[in-house]
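Below you'll find the structure, written out as structure tokens, and then a few comments.
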Amino acid sequence: MDVRKRAAVVIVAAGRGERAGLADGPKQYRRIGGKAVIAHTLDVFLAHPDVDRIVVAIHPDDDDLFSRAFPSGSTRVTTVHGGPTRQDSTRIALQALRAGAPDIVLIHDAVRPFVDAATIDRTIAAVGPRQAALPALPVAETLKRGEDGTVAETVDRAGLYGAQTPQGFPFWPILAAHEKAFTLGKTDYTDDASIAERAGMVVKIVEGSPDNVKLTWARDILMADQRLGRSGEDYPDVRTGNGYDVHAFEDGDAVMLCGVKIAHDRKLSGHSDADVGLHALTDALLATCGAGDIGTHFPPSDPQWKGAASHLFVEHAATIVRAQGGRIANADVTLICEAPKIGPHRAAMTAALSAMLGIAPERVSVKATTNERLGFIGRGEGIAAIATASVVYPGGVPE
């Protein structure tokens with residue numbers, strides 16, 4: 001009687017994904033088709049009848065990101081904190097499987113959410129006691145080797161393959177191969193199959209899938225989202241929030257405005273550092289997801305916020321926005337005052353806001369206007385600010 005092979009899975013998800021852009025977080029947590037990339041990947045393996053356990057190697061800073069990305073959870077899924085490289089993260093995850101070790105382990109990139117059951121089947125079936133399995137596709141493009149920006153030669157593509165994951169291995173041999181590479185300080189392996197090759201394992205090529213793409217660039221993530229159901233007929237869920245704040249002057253020698261300290265003959269009065277621009281922007285961000293206002297999260301009656309730097313408020317609001325899948329598109333702050341002059345400090349303010357929000361400087365606007373000598377602002381009694389934030393959320397606008 002044919003006994004089906006059972007497997008454990010290691011999902012490697014500790015990378016930072018710089019090539020896809022950091023502003024919206026690591027690419028494995030970006031949302032496609034309404035949920036995080038890594039959630040799609042996990043769902044495929046959890047649905048496979050031959051998968052018993054899954055260990056996910058995540059970055060030490062990503063516990064909350066993972067919990068939000070995979071809120072349903074599963075007793076078959078555990079997480080470990082990965083290391084500084086993919087190779088380190090894989091080794092740590094393999095070590096977590098030692099207790100009740102499986103016969104077979106599959107190692108898969110978190111950012112390949114379109115792997116299918118047939119590819120998993122072929123990979124598991126090809127693994128033997130000393131044989132690994134590698135899903136791959138023959139290279140279709142003509143290959144060129146470059147040198148100093150010009151073509152040095154055309155490379156014969158016969159017998160060349162593009163490697164995919166999951167790569168399958170007998171558990172104890174691949175763990176031993178990883179630990180040996182670690183002991184020897186070998187860190188130049190580009191995938192787990194190459195570690196198996198160096199350890200003397202036979203690596204059998206099995207048919208991969210053209211759909212099993214790795215999401216590397218921001219464009220890949222956009223195309224994946226479109227593939228999972230977004231169409232040009234959808235109305236994007238773009239939300240705009242507004243914020244307004246005002247603070248009076250009191251005795252002092254400088255004001256904080258949009259994260260920049262400006263010498264002045266007075267300062268602004270407030271429980272924190274009284275940065276009127278950042279307070280208005282905090283309210284604008286929170287408004288895009290109905291999360292209350294600055295007083296909800298940082299009540300002035302709480303002594304811990306006395307004298308606090310207001311960039312903490314903006315960064316907290318941005319974290320709340322991103323926890324709901326929001327992508328900050330732009331921020332606009334208008335300062336209303338007779339003095340001090342804002343123009344000489346606009347570039348520094350823009351840079352400060354860009355860093356707080358994790359968006360490019362061209363997505364930040366800081367402006368200033370006077371009140372034409374009218375009212376309390378015109379009399380030089382205080383400064384007001386109006387802020388607007390635009391955030392794109394996953395999904396579409398309800399009918």
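Order determines the names: the first chain of the structure tokens is A, the second B, and so forth; residues in each chain are numbered 1 upward, and ligands are numbered 1 upward as they are shown.
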Per DSSP on the backbone, filter stretch 214-302 of chain A down to the residues in helix (DSSP H, G or I) and report them as a PDB file with N, CA and C atoms, in the first residue's frame.
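And here is the file that came out, out_7.pdb:
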```pdb
ATOM      1  N   ALA A 218       8.220  46.515  -6.024  1.00  0.00           N
ATOM      2  CA  ALA A 218       6.905  47.112  -5.742  1.00  0.00           C
ATOM      3  C   ALA A 218       5.916  46.798  -6.859  1.00  0.00           C
ATOM      4  N   ARG A 219       6.405  46.780  -8.101  1.00  0.00           N
ATOM      5  CA  ARG A 219       5.531  46.478  -9.239  1.00  0.00           C
ATOM      6  C   ARG A 219       4.988  45.049  -9.151  1.00  0.00           C
ATOM      7  N   ASP A 220       5.802  44.122  -8.638  1.00  0.00           N
ATOM      8  CA  ASP A 220       5.344  42.736  -8.481  1.00  0.00           C
ATOM      9  C   ASP A 220       4.142  42.675  -7.541  1.00  0.00           C
ATOM     10  N   ILE A 221       4.218  43.450  -6.472  1.00  0.00           N
ATOM     11  CA  ILE A 221       3.138  43.440  -5.483  1.00  0.00           C
ATOM     12  C   ILE A 221       1.867  44.041  -6.071  1.00  0.00           C
ATOM     13  N   LEU A 222       2.015  45.112  -6.836  1.00  0.00           N
ATOM     14  CA  LEU A 222       0.846  45.711  -7.488  1.00  0.00           C
ATOM     15  C   LEU A 222       0.204  44.724  -8.455  1.00  0.00           C
ATOM     16  N   MET A 223       1.015  44.033  -9.257  1.00  0.00           N
ATOM     17  CA  MET A 223       0.481  43.070 -10.213  1.00  0.00           C
ATOM     18  C   MET A 223      -0.176  41.884  -9.505  1.00  0.00           C
ATOM     19  N   ALA A 224       0.396  41.476  -8.371  1.00  0.00           N
ATOM     20  CA  ALA A 224      -0.204  40.379  -7.605  1.00  0.00           C
ATOM     21  C   ALA A 224      -1.566  40.789  -7.070  1.00  0.00           C
ATOM     22  N   ASP A 225      -1.670  42.031  -6.616  1.00  0.00           N
ATOM     23  CA  ASP A 225      -2.945  42.535  -6.115  1.00  0.00           C
ATOM     24  C   ASP A 225      -3.986  42.544  -7.225  1.00  0.00           C
ATOM     25  N   GLN A 226      -3.581  42.986  -8.405  1.00  0.00           N
ATOM     26  CA  GLN A 226      -4.499  43.003  -9.547  1.00  0.00           C
ATOM     27  C   GLN A 226      -4.911  41.590  -9.932  1.00  0.00           C
ATOM     28  N   ARG A 227      -3.964  40.663  -9.869  1.00  0.00           N
ATOM     29  CA  ARG A 227      -4.260  39.267 -10.218  1.00  0.00           C
ATOM     30  C   ARG A 227      -5.307  38.665  -9.286  1.00  0.00           C
ATOM     31  N   VAL A 276       2.411  72.618  17.129  1.00  0.00           N
ATOM     32  CA  VAL A 276       1.055  72.757  16.611  1.00  0.00           C
ATOM     33  C   VAL A 276       0.893  72.050  15.269  1.00  0.00           C
ATOM     34  N   GLY A 277       1.933  72.069  14.427  1.00  0.00           N
ATOM     35  CA  GLY A 277       1.845  71.405  13.130  1.00  0.00           C
ATOM     36  C   GLY A 277       1.727  69.902  13.267  1.00  0.00           C
ATOM     37  N   LEU A 278       2.525  69.300  14.148  1.00  0.00           N
ATOM     38  CA  LEU A 278       2.474  67.853  14.321  1.00  0.00           C
ATOM     39  C   LEU A 278       1.196  67.412  15.012  1.00  0.00           C
ATOM     40  N   HIS A 279       0.662  68.239  15.899  1.00  0.00           N
ATOM     41  CA  HIS A 279      -0.609  67.890  16.543  1.00  0.00           C
ATOM     42  C   HIS A 279      -1.746  67.840  15.513  1.00  0.00           C
ATOM     43  N   ALA A 280      -1.773  68.820  14.634  1.00  0.00           N
ATOM     44  CA  ALA A 280      -2.803  68.824  13.593  1.00  0.00           C
ATOM     45  C   ALA A 280      -2.637  67.631  12.662  1.00  0.00           C
ATOM     46  N   LEU A 281      -1.398  67.284  12.327  1.00  0.00           N
ATOM     47  CA  LEU A 281      -1.154  66.150  11.430  1.00  0.00           C
ATOM     48  C   LEU A 281      -1.534  64.830  12.093  1.00  0.00           C
ATOM     49  N   THR A 282      -1.292  64.702  13.387  1.00  0.00           N
ATOM     50  CA  THR A 282      -1.695  63.484  14.105  1.00  0.00           C
ATOM     51  C   THR A 282      -3.198  63.280  13.990  1.00  0.00           C
ATOM     52  N   ASP A 283      -3.961  64.352  14.207  1.00  0.00           N
ATOM     53  CA  ASP A 283      -5.424  64.244  14.085  1.00  0.00           C
ATOM     54  C   ASP A 283      -5.842  63.891  12.667  1.00  0.00           C
ATOM     55  N   ALA A 284      -5.159  64.447  11.676  1.00  0.00           N
ATOM     56  CA  ALA A 284      -5.511  64.160  10.283  1.00  0.00           C
ATOM     57  C   ALA A 284      -5.298  62.678   9.960  1.00  0.00           C
ATOM     58  N   LEU A 285      -4.189  62.108  10.410  1.00  0.00           N
ATOM     59  CA  LEU A 285      -3.919  60.687  10.162  1.00  0.00           C
ATOM     60  C   LEU A 285      -4.945  59.798  10.856  1.00  0.00           C
ATOM     61  N   LEU A 286      -5.227  60.092  12.122  1.00  0.00           N
ATOM     62  CA  LEU A 286      -6.192  59.277  12.865  1.00  0.00           C
ATOM     63  C   LEU A 286      -7.583  59.348  12.241  1.00  0.00           C
ATOM     64  N   ALA A 287      -7.908  60.496  11.658  1.00  0.00           N
ATOM     65  CA  ALA A 287      -9.233  60.665  11.053  1.00  0.00           C
ATOM     66  C   ALA A 287      -9.450  59.736   9.867  1.00  0.00           C
ATOM     67  N   ILE A 294      -5.919  63.124  18.885  1.00  0.00           N
ATOM     68  CA  ILE A 294      -4.684  63.081  19.663  1.00  0.00           C
ATOM     69  C   ILE A 294      -4.955  62.957  21.164  1.00  0.00           C
ATOM     70  N   GLY A 295      -6.039  63.611  21.628  1.00  0.00           N
ATOM     71  CA  GLY A 295      -6.373  63.533  23.042  1.00  0.00           C
ATOM     72  C   GLY A 295      -6.803  62.146  23.477  1.00  0.00           C
ATOM     73  N   THR A 296      -7.346  61.351  22.535  1.00  0.00           N
ATOM     74  CA  THR A 296      -7.752  59.978  22.844  1.00  0.00           C
ATOM     75  C   THR A 296      -6.538  59.131  23.212  1.00  0.00           C
ATOM     76  N   HIS A 297      -5.461  59.322  22.469  1.00  0.00           N
ATOM     77  CA  HIS A 297      -4.275  58.480  22.642  1.00  0.00           C
ATOM     78  C   HIS A 297      -3.238  59.090  23.585  1.00  0.00           C
TER      79      HIS A 297
END
```
Residue set, stretch 94-323 of chain A restricted to strand (DSSP E), as a PyMOL selection string: chain A and resi 104-109+131-138+143-147+150-155+161-163+167-170+202-207+236-251+254-257+260-263+266-268
Residue neighbourhood A:Gln87, 9 Å, only C-alpha atoms, exclusion window fewer than 2 positions, as a list in words =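 Everything that qualifies: Gly83, Pro84, Thr85, Ser89, Thr90, Arg91, Ile92, His178, Phe182, Thr187, Asp188, Tyr189, Thr190, Asp191 and Asp192 of chain A.
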Practice item. Choose the residue, out of A:Val155, A:Phe70, A:Ala47, A:Lys214, that has the smallest atom-to-atom separation from A:Pro113; count only C-alpha atoms. Key: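 The answer is A:Lys214, which sits nearest to A:Pro113.
If you count only C-alpha atoms and ignore residues fewer than 2 places along the chain from stretch 368-375 of chain A, what sits within 7 Å of it is Thr334, Leu335, Ile336, Cys337, Glu338, Ile342, Ile377, Gly378 and Arg379 of chain A.
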Take the residues from that selection and put them in a file with C-alpha atoms, as a PDB file, in the first residue's frame.
```pdb
ATOM      1  CA  THR A 334      -0.296  74.825   6.694  1.00  0.00           C
ATOM      2  CA  LEU A 335       1.095  76.965   9.532  1.00  0.00           C
ATOM      3  CA  ILE A 336      -0.777  80.197  10.260  1.00  0.00           C
ATOM      4  CA  CYS A 337       1.286  82.819  12.057  1.00  0.00           C
ATOM      5  CA  GLU A 338       2.757  86.296  11.818  1.00  0.00           C
ATOM      6  CA  ILE A 342       8.744  79.589   8.068  1.00  0.00           C
ATOM      7  CA  ILE A 377      -3.003  85.197  15.365  1.00  0.00           C
ATOM      8  CA  GLY A 378      -2.764  88.617  13.747  1.00  0.00           C
ATOM      9  CA  ARG A 379      -2.000  90.124  17.143  1.00  0.00           C
TER      10      ARG A 379
END
```
